[in-house]
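Written out below as structure tokens is the structure these notes cover.
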Amino acid sequence: MEKKYNNIIFFDGVCNVCDKTVDFIITKDKKNEFFYSSLQSDFSKRFFKSKNQKLNLESIVVYTEDKFLYKSRGMIYILKNLVGFPRIIGLLLNIFPKFISDYFYSLFAKYRYKLFGKMDVCKIPTENHFSRFYE
């Protein structure tokens, strides 16, 4: 599978919630639409710099169609492109105004380490999913 610079999910590689979220997305991404990179990786640092974007560890970021989707808009985009129940959740969440969904996203992000902890090192993909990850 050839990697492309589209539909890249940038996630906090030491966040336990983010790690489990990526695992969940991989299982529901039946068409292999998404690629992944830890926000802490050299690839992410170079990629964001090349696009004149600031790297922010407080948000999942989706890069698609030459634009960045942050916070709730990134999560909603991901959910809407999965199969089954997650897609329905994404469609339902999309009805909320961005300022409301981003407020709750930011509130959760602020306390995620306290609630769920963090890892010492970034996620290492399994052999089956290695081709879907950038360094």
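In the structure tokens, the first chain shown is A, the next is B, and so on; residue numbers restart at 1 for each chain, and ligands run from 1 in the order shown.
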Next on the checklist: Considering only helix (DSSP H, G or I) as DSSP defines it on the backbone, what residues of chain A qualify? List them as a VMD selection string.
Outcome noted: chain A and resid 16 to 28 42 to 50 71 to 80 85 to 93 98 to 116 127 to 132
Next on the checklist: I want to know what sits within 8 Å of Gly117 of chain A, based on only C-alpha atoms, with residues of the same chain fewer than 3 positions away left out; could you give that as a ChimeraX atom specification?
Outcome noted: /A:15-16,112-114
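Comparing A:Leu57, A:Val14, A:Val62, A:Val83 by their smallest distance to Asp29 of chain A, the closest is A:Val83 (using only C-alpha atoms).
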Next on the checklist: Can you pull out the residues contacting segment 18-23 of chain A? Cut-off 12 Å, using only C-alpha atoms, and skip same-chain residues under 3 positions away; I want them as a ChimeraX atom specification.
Outcome noted: /A:8-15,26-29,34-39,57-61,75,78-79,86,108-109,112-113,116-119,121-126,129,132-133
Next on the checklist: Going by DSSP on the backbone, which residues of chain A come out as strand (DSSP E or B)? List them as a ChimeraX atom specification.
Outcome noted: /A:8-11,15,35-38,61-64,67-70,118,133
Would you export the selected residues with C-alpha atoms as a compact mmCIF listing (two decimals), in the first residue's frame, please?
# COMPACT_ATOMS: atom_id res chain seq x y z
CA ILE A 8 -3.16 11.68 7.92
CA ILE A 9 -4.16 11.50 11.56
CA PHE A 10 -1.62 13.18 13.82
CA PHE A 11 -2.02 12.05 17.42
CA CYS A 15 -1.40 9.69 25.44
CA PHE A 35 -2.53 7.06 7.78
CA TYR A 36 -1.01 7.91 11.15
CA SER A 37 1.84 9.81 12.72
CA SER A 38 2.67 10.68 16.28
CA VAL A 61 -5.09 16.80 13.86
CA VAL A 62 -6.29 15.47 10.53
CA TYR A 63 -4.62 16.57 7.32
CA THR A 64 -6.92 16.08 4.34
CA LYS A 67 -6.11 21.50 4.99
CA PHE A 68 -5.76 20.79 8.69
CA LEU A 69 -8.73 19.85 10.88
CA TYR A 70 -8.19 20.39 14.60
CA LYS A 118 0.38 8.54 29.56
CA PHE A 133 2.25 4.83 9.90
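The smallest atom-to-atom distance between Leu92 of chain A and any of A:Lys80, A:Lys49, A:Lys71, A:Lys31, using only C-alpha atoms, is found for A:Lys80.
Put simply, atom CA of Phe43 of chain A is 6.7 Å away from atom CA of Tyr134 of chain A.
In this structure, atom CA of Phe96 of chain A sits 23.2 Å away from atom CA of Phe24 of chain A.
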Checklist outcome for this item: Of A:Leu82, A:Tyr111, A:Pro97, A:Tyr5, the one sitting nearest Lys51 of chain A when using only C-alpha atoms is A:Tyr5
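Atom CA of Leu115 of chain A to atom CA of Arg87 of chain A spans 26.0 Å [interatomic distance, one decimal].
Take the candidates A:Asn81, A:Asn94, A:Ser101, A:Ser131 and check each one against Ile25 of chain A using only C-alpha atoms; the shortest distance goes to A:Asn81.
Ranking A:Phe85, A:Phe99, A:Phe47, A:Tyr105 by their shortest atom-to-atom distance to Asp66 of chain A, with only C-alpha atoms included, puts A:Phe47 first.
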